[in-house]
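Novice: As input, take coords_36.txt (compact mmCIF, C-alpha atoms):
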```txt
# COMPACT_ATOMS: atom_id res chain seq x y z
CA MET A 1 -1.26 8.17 -5.91
CA ARG A 2 -0.20 4.80 -7.21
CA ALA A 3 -0.59 1.48 -5.48
CA VAL A 4 1.00 -1.83 -6.35
CA ILE A 5 -1.16 -4.46 -4.70
CA GLN A 6 -0.26 -8.07 -4.05
CA ALA A 7 -2.51 -10.71 -2.51
CA VAL A 8 -0.55 -12.65 0.11
CA SER A 9 -1.02 -15.50 2.54
CA SER A 10 1.38 -13.69 4.90
CA ALA A 11 3.80 -10.78 4.84
CA SER A 12 5.90 -8.59 7.10
CA VAL A 13 8.05 -5.50 7.11
CA ARG A 14 11.18 -4.82 9.17
CA VAL A 15 11.83 -1.14 9.76
CA ASN A 16 15.46 -0.14 10.33
CA GLY A 17 16.34 -3.73 11.27
CA GLY A 18 13.70 -3.93 14.01
CA GLU A 19 11.22 -6.64 14.80
CA PRO A 20 8.99 -7.84 11.94
CA ARG A 21 5.53 -6.31 11.66
CA PRO A 22 3.53 -9.24 10.30
CA ILE A 23 0.13 -9.78 8.74
CA GLY A 24 -1.66 -13.01 7.90
CA PRO A 25 -3.69 -13.30 4.72
CA GLY A 26 -4.37 -10.02 2.98
CA LEU A 27 -2.74 -7.38 0.82
CA VAL A 28 0.70 -5.86 0.55
CA ILE A 29 0.18 -2.33 -0.73
CA LEU A 30 3.20 -0.40 -2.00
CA LEU A 31 1.97 3.20 -1.99
CA GLY A 32 3.51 6.00 -4.03
CA VAL A 33 2.47 9.62 -3.59
CA LYS A 34 2.84 12.14 -6.42
CA ASP A 35 3.77 15.75 -5.76
CA THR A 36 0.34 16.96 -6.98
CA ASP A 37 -1.79 14.48 -4.98
CA THR A 38 -4.39 15.78 -2.54
CA LEU A 39 -6.38 14.30 0.35
CA ASP A 40 -9.57 13.98 -1.70
CA ILE A 41 -8.26 11.01 -3.72
CA VAL A 42 -7.33 8.91 -0.70
CA PRO A 43 -10.78 7.44 0.14
CA LYS A 44 -11.33 6.30 -3.45
CA LEU A 45 -7.98 4.49 -3.59
CA ALA A 46 -8.52 2.86 -0.18
CA GLU A 47 -11.96 1.64 -1.28
CA LYS A 48 -10.52 0.31 -4.54
CA CYS A 49 -7.85 -1.66 -2.65
CA ALA A 50 -10.35 -3.02 -0.13
CA GLY A 51 -12.87 -4.02 -2.78
CA LEU A 52 -10.69 -5.68 -5.41
CA ARG A 53 -12.00 -9.21 -5.94
CA ILE A 54 -8.66 -11.02 -6.07
CA PHE A 55 -9.23 -13.87 -3.60
CA LYS A 56 -10.78 -17.24 -4.42
CA ASP A 57 -14.26 -18.27 -3.33
CA GLU A 58 -15.48 -21.80 -2.60
CA ASN A 59 -15.66 -22.48 -6.36
CA ASP A 60 -12.03 -21.44 -6.91
CA LYS A 61 -13.10 -18.22 -8.69
CA LEU A 62 -11.62 -14.80 -7.92
CA ASN A 63 -14.82 -13.37 -6.45
CA LEU A 64 -13.84 -12.24 -2.96
CA SER A 65 -12.13 -9.10 -1.72
CA ALA A 66 -9.90 -8.56 1.29
CA LYS A 67 -12.78 -6.54 2.75
CA ASP A 68 -15.19 -9.49 2.27
CA LEU A 69 -12.81 -11.81 4.10
CA GLY A 70 -11.73 -9.45 6.90
CA TYR A 71 -8.10 -9.66 5.80
CA SER A 72 -5.20 -7.40 6.78
CA ALA A 73 -3.12 -4.90 4.85
CA LEU A 74 0.58 -4.18 5.00
CA VAL A 75 1.12 -0.64 3.67
CA VAL A 76 4.63 0.45 2.65
CA SER A 77 5.54 3.87 1.25
CA GLN A 78 7.31 3.55 -2.09
CA PHE A 79 8.39 6.82 -3.70
CA THR A 80 10.06 4.91 -6.55
CA LEU A 81 6.62 4.30 -8.09
CA TYR A 82 6.96 7.82 -9.49
CA ALA A 83 10.42 7.32 -10.96
CA ASP A 84 11.15 8.88 -14.33
CA THR A 85 13.10 6.15 -16.14
CA LYS A 86 13.67 7.89 -19.48
CA SER A 87 17.40 7.73 -18.82
CA ARG A 88 19.51 5.08 -17.13
CA ARG A 89 19.60 7.18 -13.97
CA PRO A 90 16.02 7.43 -12.67
CA GLY A 91 14.72 10.76 -11.46
CA PHE A 92 12.29 11.07 -8.58
CA THR A 93 11.14 14.68 -8.91
CA GLY A 94 7.53 13.56 -9.49
CA ALA A 95 7.38 11.88 -6.09
CA ALA A 96 5.96 13.99 -3.28
CA LYS A 97 8.27 15.44 -0.66
CA PRO A 98 7.70 14.27 2.94
CA ASP A 99 5.58 17.30 3.92
CA VAL A 100 3.03 16.30 1.25
CA ALA A 101 3.49 12.53 1.22
CA ILE A 102 3.36 11.71 4.94
CA PRO A 103 -0.13 13.13 5.62
CA LEU A 104 -1.47 11.32 2.53
CA TYR A 105 0.22 8.06 3.54
CA GLU A 106 -1.22 8.32 7.06
CA ARG A 107 -4.67 9.23 5.73
CA PHE A 108 -4.56 6.21 3.41
CA MET A 109 -3.85 3.90 6.35
CA ASP A 110 -6.71 5.49 8.34
CA GLN A 111 -9.05 4.98 5.39
CA CYS A 112 -7.97 1.32 5.15
CA ARG A 113 -8.75 0.85 8.85
CA GLN A 114 -12.19 2.41 8.32
CA ARG A 115 -12.80 -0.27 5.69
CA GLY A 116 -12.10 -3.04 8.21
CA PHE A 117 -8.44 -3.76 7.58
CA GLN A 118 -6.05 -4.48 10.38
CA VAL A 119 -3.13 -2.38 9.14
CA GLU A 120 0.57 -2.93 9.66
CA HIS A 121 2.91 -0.48 8.02
CA GLY A 122 6.40 0.65 7.33
CA GLU A 123 7.70 4.10 8.14
CA PHE A 124 8.08 6.84 5.61
CA GLY A 125 11.73 7.33 4.66
CA ALA A 126 13.00 4.39 6.71
CA ASP A 127 15.06 1.40 5.61
CA MET A 128 12.43 -1.29 5.12
CA GLN A 129 12.70 -4.99 4.28
CA VAL A 130 9.45 -6.48 3.03
CA ALA A 131 8.83 -10.23 2.93
CA SER A 132 5.74 -11.78 1.38
CA VAL A 133 4.35 -15.23 0.69
```
The structure given in the file should be rewritten as structure tokens.
Specialist:
Amino acid sequence: MRAVIQAVSSASVRVNGGEPRPIGPGLVILLGVKDTDTLDIVPKLAEKCAGLRIFKDENDKLNLSAKDLGYSALVVSQFTLYADTKSRRPGFTGAAKPDVAIPLYERFMDQCRQRGFQVEHGEFGADMQVASV
């Protein structure tokens, strides 16, 4: 699994043109699942995301995590994180197919909730528009 993580003051995702699913301060996590990934790696990645000290403390130092602050997470599936870009036309054969990726994506969100995140999310395979500040 690969995660691109961005600290945000707010963010949202629109799924198939629907209503925005917003979060306040927290993390936007773009989550890619590889075809060889298994459930056993999910808790470690969720803990890593929750525990990253990327938010400022009272001394303006990056010493606080989203978990420390009780922040939210916006999790969006992103198969393109496993793109093979050796040629001008990327290949996506390394990305997991839905039957593998969806259970891992859902397990990741459950693990984030267990770590205290309020989780908003996109939908696997849907048209999603992500906005972040």
Novice: Write out as an MDAnalysis selection string which residues come within 12 Å of A:Cys49 when counting all atoms listed in the file, dropping same-chain ones fewer than 5 positions away.
Specialist: chainID A and resid 2:7 26:31 42:44 54 65:68 71:75 108:109 111:113 115:117
Novice: What box, with edges along x, y and z, holds each listed atom of stretch 83-93 of chain A when 5 Å is added on every side, and can you state its centre and edge lengths in Å to one decimal, as AutoDock Vina command-line options?
Specialist:
```
--center_x 15.0 --center_y 9.9 --center_z -14.0 --size_x 19.2 --size_y 19.6 --size_z 20.9
```
Novice: Rounded to one decimal, what separation in Å do you get between atom CA of A:Phe124 and atom CA of A:Ser9?
Specialist: 24.3 Å
Novice: Would you please work out which residue, of A:Gly94, A:Val133, A:Gly122, A:Leu81, is nearest to A:Gly17 when using only C-alpha atoms?
Specialist: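 The answer is A:Gly122, which sits nearest to A:Gly17.
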Novice: Which residue out of A:Thr93, A:Asn63, A:Thr36, A:Gln78 has the minimum interatomic distance to A:Glu123 when only C-alpha atoms are used?
Specialist: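 Checking each of A:Thr93, A:Asn63, A:Thr36, A:Gln78 against A:Glu123, counting only C-alpha atoms, the winner is A:Gln78.
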Novice: Can you measure atom CA of A:Asp99 to atom CA of A:Glu120 for me? One decimal in Å is fine.
Specialist: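 Separation of atom CA of A:Asp99 and atom CA of A:Glu120: 21.6 Å.
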Novice: To one decimal place in Å, what is the distance between atom CA of A:Ala95 and atom CA of A:Lys34?
Specialist: 4.6 Å
Novice: Pick out the residues sitting within 7 Å of A:Ala11, and hand them over as a list in words; count all atoms listed in the file, and ignore anything fewer than 2 positions along from it in its own chain.
Specialist: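 What passes the distance filter is Val8, Pro22, Ile23, Gly24, Ala131, Ser132 and Val133 of chain A.
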Novice: Find, counting all atoms listed in the file, the residue in A:Leu64, A:Lys56, A:Leu45, A:Gly32 that gets nearest to A:Thr80.
Specialist: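 Under the stated criterion, the closest residue is A:Gly32.
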Novice: Between A:Val100, A:Arg88, A:Gln129, A:Ala50, which is the closest to A:Met1 once you count all atoms listed in the file?
Specialist: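 Smallest separation from A:Met1 among the options: A:Val100.
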Novice: Residues at most 7 Å from A:Arg21, counting all atoms listed in the file, excluding those fewer than 3 positions away in the same chain, as a list in words?
Specialist: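 So, after excluding close chain neighbours, the residues are Ser12, Val13, Arg14 and Glu120 of chain A.
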Novice: Which one of A:Val33, A:Val15, A:Val119, A:Leu62 sits closest to A:Pro103 if you count all atoms listed in the file?
Specialist: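 The answer is A:Val33, which sits nearest to A:Pro103.
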